[in-house]
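Reading through the structure tokens given below for one structure.
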Amino acid sequence: MGLQHHHVAATRLTIDVQLGPPDGRPFELEPPKEGSYRNDHPHYFGAVDLPPFLAALLTRQMADRHPASCDCGDDGCGGGRFLFLNKRGGHHLHGTYATHPWEKAVTGWVPARRPRRGRSSGAPARPVMVDMAEGWPGVPVTPTWPAASGTTWAPPVVRGLPRYDQPVVDARAVDCPRCRAAAGKACTSPSGDKHTHQPRIAAARAAGHIRELGLTSWLPINPRMTPPQVTALAPGVAGRDRHPHDPHP
């Protein structure tokens with residue numbers, strides 16, 4: 001999570017810092033755990049030699065999502081251009097990174113949620129669902145539907161679960177007449193509520209900003225299927241050198 005642009009040089013990786021978790025304090029760059037530096041200083045073992053597949057993944061990550069500065073500000077972590085930031089430009093939390101987004105990307109499943117006394121009854125694991133309207137790997141939709149069971153299946157009609165199989169209104173395509181949020185920006189309210197205002201939804205619907213979701217899942221087609229077999233079934237994906245179970249980090 002603390003990997004920065006200057007740490008990656010073709011097939012070699014330098015390790016000279018780690019990103020300290022917040023634990024009630026701001027993120028900050030710290031020496032590697034137990035002094036495990038890997039660089040070309042004569043006192044250490046040299047930079048890490050990356051296997052070709054990992055070097056290719058990092059190269060693609062830097063090409064698809066250009067390294068950027070975090071939102072820590074002048075008194076923040078002290079880092080430069082990071083390779084892995086969350087969608088808001090901040091650092092991923094250490095305690096949840098293994099399940100969100102790592103486990104989702106690796107397995108195609110949203111991890112099960114354990115019951116929490118007085119707060120929630122928990123939830124079973126669910127498949128990751130994405131909207132492919134803008135191409136692979138898609139934009140995750142949440143909350144996701146439960147996994148299908150049996151041979152007969154229909155989209156769930158349950159309170160609290162969106163009907164992703166029905167056309168959706170792209171409300172952000174227009175300005176909000178209530179809070180004056182510009183097109184492309186989220187609605188705001190004095191209470192901090194981030195729900196889209198109904199007048200904006202109505203205005204977008206009237207303007208014809210309605211579309212179908214390109215709904216799919218990151219789950220493997222068959223757990224035993226090899227990448228060559230999958231790409232043979234999906235030439236559009238193969239042409240982009242992507243495996244259907246290979247979302248961005």
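Just so we're on the same page: first chain in the structure tokens is A, next is B, and so on; residues restart at 1 for each chain, and ligands are numbered from 1 in the order they show up.
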
If we count only C-alpha atoms, what is near region 195-206 of chain A at a cut-off of 7 Å, once residues fewer than 6 positions away on the same chain are taken out, given as a VMD selection string?
chain A and resid 169 to 171 173 to 174 176 to 178 187

Would you save the residues of that selection, restricted to N, CA and C atoms, as a PDB file, in the first residue's frame?
```pdb
ATOM      1  N   VAL A 169     -31.321   5.179 -13.918  1.00  0.00           N
ATOM      2  CA  VAL A 169     -31.258   6.596 -14.270  1.00  0.00           C
ATOM      3  C   VAL A 169     -29.883   7.129 -13.888  1.00  0.00           C
ATOM      4  N   ASP A 170     -29.191   7.724 -14.840  1.00  0.00           N
ATOM      5  CA  ASP A 170     -27.874   8.310 -14.575  1.00  0.00           C
ATOM      6  C   ASP A 170     -28.079   9.739 -14.078  1.00  0.00           C
ATOM      7  N   ALA A 171     -28.362   9.862 -12.773  1.00  0.00           N
ATOM      8  CA  ALA A 171     -28.724  11.164 -12.208  1.00  0.00           C
ATOM      9  C   ALA A 171     -27.581  12.169 -12.276  1.00  0.00           C
ATOM     10  N   ALA A 173     -25.741  12.851 -14.582  1.00  0.00           N
ATOM     11  CA  ALA A 173     -25.582  13.443 -15.913  1.00  0.00           C
ATOM     12  C   ALA A 173     -26.139  14.863 -15.967  1.00  0.00           C
ATOM     13  N   VAL A 174     -26.898  15.270 -14.938  1.00  0.00           N
ATOM     14  CA  VAL A 174     -27.492  16.614 -14.922  1.00  0.00           C
ATOM     15  C   VAL A 174     -27.154  17.307 -13.603  1.00  0.00           C
ATOM     16  N   CYS A 176     -28.058  19.159 -10.100  1.00  0.00           N
ATOM     17  CA  CYS A 176     -29.130  18.917  -9.134  1.00  0.00           C
ATOM     18  C   CYS A 176     -29.897  20.214  -8.881  1.00  0.00           C
ATOM     19  N   PRO A 177     -31.212  20.227  -9.120  1.00  0.00           N
ATOM     20  CA  PRO A 177     -31.983  21.450  -8.887  1.00  0.00           C
ATOM     21  C   PRO A 177     -32.173  21.782  -7.409  1.00  0.00           C
ATOM     22  N   ARG A 178     -31.896  20.820  -6.524  1.00  0.00           N
ATOM     23  CA  ARG A 178     -32.089  21.089  -5.097  1.00  0.00           C
ATOM     24  C   ARG A 178     -30.823  21.627  -4.447  1.00  0.00           C
ATOM     25  N   CYS A 187     -24.569  14.633  -4.866  1.00  0.00           N
ATOM     26  CA  CYS A 187     -25.439  15.560  -4.140  1.00  0.00           C
ATOM     27  C   CYS A 187     -24.906  15.778  -2.729  1.00  0.00           C
TER      28      CYS A 187
END
```

What lies within 8 Å of Gly122 (chain A) using only C-alpha atoms, ignoring chain neighbours under 3 positions off, as number ranges by chain?
A: 112-116

I'd like to know which of A:Asp193, A:Asp71, A:Glu103, A:Asp16 is closest to Gly46 (chain A), using only C-alpha atoms.
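Between A:Asp193, A:Asp71, A:Glu103, A:Asp16, the residue approaching Gly46 (chain A) most closely is A:Asp16.
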
Spatial neighbours of region 8-12 of chain A, max dist 9 Å, only C-alpha atoms, sep filter under 4 positions, as a ChimeraX atom specification:
/A:3-4,47-52,54-56,58-59

Write out as an MDAnalysis selection string the set of residues from region 14-197 of chain A that DSSP, computed on the backbone, places in strand (DSSP E).
chainID A and resid 18:20 28:30 48:49 68:69 81:82 109:110 126:127 129:131 139:140 168:169

Counting only C-alpha atoms, which of A:Thr142, A:Gly208, A:Phe27, A:Trp218 gets nearest to Gly108 (chain A)?
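The answer is A:Trp218, which sits nearest to Gly108 (chain A).
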
Sorted by chain and rising residue number, list the residues of region 60-150 of chain A at most 12 Å from region 157-160 of chain A (counting only C-alpha atoms), each with its closest atom pair and distance in Å to one decimal, as a tab-separated table.
```
residue	atom	partner	partner_atom	distance
A:Thr142	CA	A:Gly160	CA	10.7
A:Pro143	CA	A:Gly160	CA	8.4
A:Thr144	CA	A:Gly160	CA	10.4
A:Trp145	CA	A:Val158	CA	9.7
A:Pro146	CA	A:Val158	CA	10.6
```

When you draw a straight line from CA of Ala154 (chain A) to CA of Pro127 (chain A), how long is it in Å?
15.4 Å

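With only C-alpha atoms taken into account, the protein and nucleic acid residues at most 6 Å from region 129-141 of chain A (excluding it and anything under 3 positions from it in its own chain) are Leu213, Gly214, Leu215, Thr216, Ser217 and Pro247 of chain A.
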
Could you please write out, as a PyMOL selection string, every residue of region 49-230 of chain A that DSSP assigns to alpha helix (DSSP H)?
chain A and resi 52-64+94-97+104-107+198-206+227-230

Store the residues of this selection in a file with C-alpha atoms, as a PDB file, in the first residue's frame.
```
ATOM      1  CA  PRO A  52       8.090 -11.382 -15.305  1.00  0.00           C
ATOM      2  CA  PHE A  53       4.366 -11.764 -14.540  1.00  0.00           C
ATOM      3  CA  LEU A  54       4.569  -9.458 -11.502  1.00  0.00           C
ATOM      4  CA  ALA A  55       6.680  -6.886 -13.329  1.00  0.00           C
ATOM      5  CA  ALA A  56       4.072  -6.904 -16.110  1.00  0.00           C
ATOM      6  CA  LEU A  57       1.226  -6.396 -13.618  1.00  0.00           C
ATOM      7  CA  LEU A  58       2.954  -3.422 -11.992  1.00  0.00           C
ATOM      8  CA  THR A  59       3.767  -1.925 -15.391  1.00  0.00           C
ATOM      9  CA  ARG A  60       0.134  -2.257 -16.434  1.00  0.00           C
ATOM     10  CA  GLN A  61      -1.051  -0.761 -13.150  1.00  0.00           C
ATOM     11  CA  MET A  62       1.138   2.305 -13.666  1.00  0.00           C
ATOM     12  CA  ALA A  63      -0.064   2.657 -17.265  1.00  0.00           C
ATOM     13  CA  ASP A  64      -3.781   2.236 -16.485  1.00  0.00           C
ATOM     14  CA  HIS A  94      -4.481  -1.991   6.764  1.00  0.00           C
ATOM     15  CA  GLY A  95      -7.177  -3.813   8.717  1.00  0.00           C
ATOM     16  CA  THR A  96      -9.589  -4.119   5.789  1.00  0.00           C
ATOM     17  CA  TYR A  97      -7.284  -4.271   2.753  1.00  0.00           C
ATOM     18  CA  LYS A 104     -12.725  -9.636  -3.899  1.00  0.00           C
ATOM     19  CA  ALA A 105     -10.208  -9.326  -6.732  1.00  0.00           C
ATOM     20  CA  VAL A 106      -8.571 -12.699  -6.079  1.00  0.00           C
ATOM     21  CA  THR A 107     -11.645 -14.866  -5.461  1.00  0.00           C
ATOM     22  CA  GLN A 198     -35.277  12.906  -6.058  1.00  0.00           C
ATOM     23  CA  PRO A 199     -35.683  16.112  -8.144  1.00  0.00           C
ATOM     24  CA  ARG A 200     -32.321  15.353  -9.758  1.00  0.00           C
ATOM     25  CA  ILE A 201     -33.374  11.796 -10.568  1.00  0.00           C
ATOM     26  CA  ALA A 202     -36.603  13.106 -12.086  1.00  0.00           C
ATOM     27  CA  ALA A 203     -34.711  15.686 -14.169  1.00  0.00           C
ATOM     28  CA  ALA A 204     -32.284  13.063 -15.473  1.00  0.00           C
ATOM     29  CA  ARG A 205     -35.139  10.699 -16.348  1.00  0.00           C
ATOM     30  CA  ALA A 206     -36.969  13.472 -18.188  1.00  0.00           C
ATOM     31  CA  PRO A 227      -6.465 -19.071 -18.347  1.00  0.00           C
ATOM     32  CA  PRO A 228      -5.874 -20.358 -21.939  1.00  0.00           C
ATOM     33  CA  GLN A 229      -9.254 -22.115 -21.862  1.00  0.00           C
ATOM     34  CA  VAL A 230     -10.984 -18.976 -20.610  1.00  0.00           C
TER      35      VAL A 230
END
```

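Taking only C-alpha atoms into account, Asp165 (chain A) lies nearest to A:Arg211 out of the set A:Ala183, A:Arg211, A:Gly89, A:Thr151.
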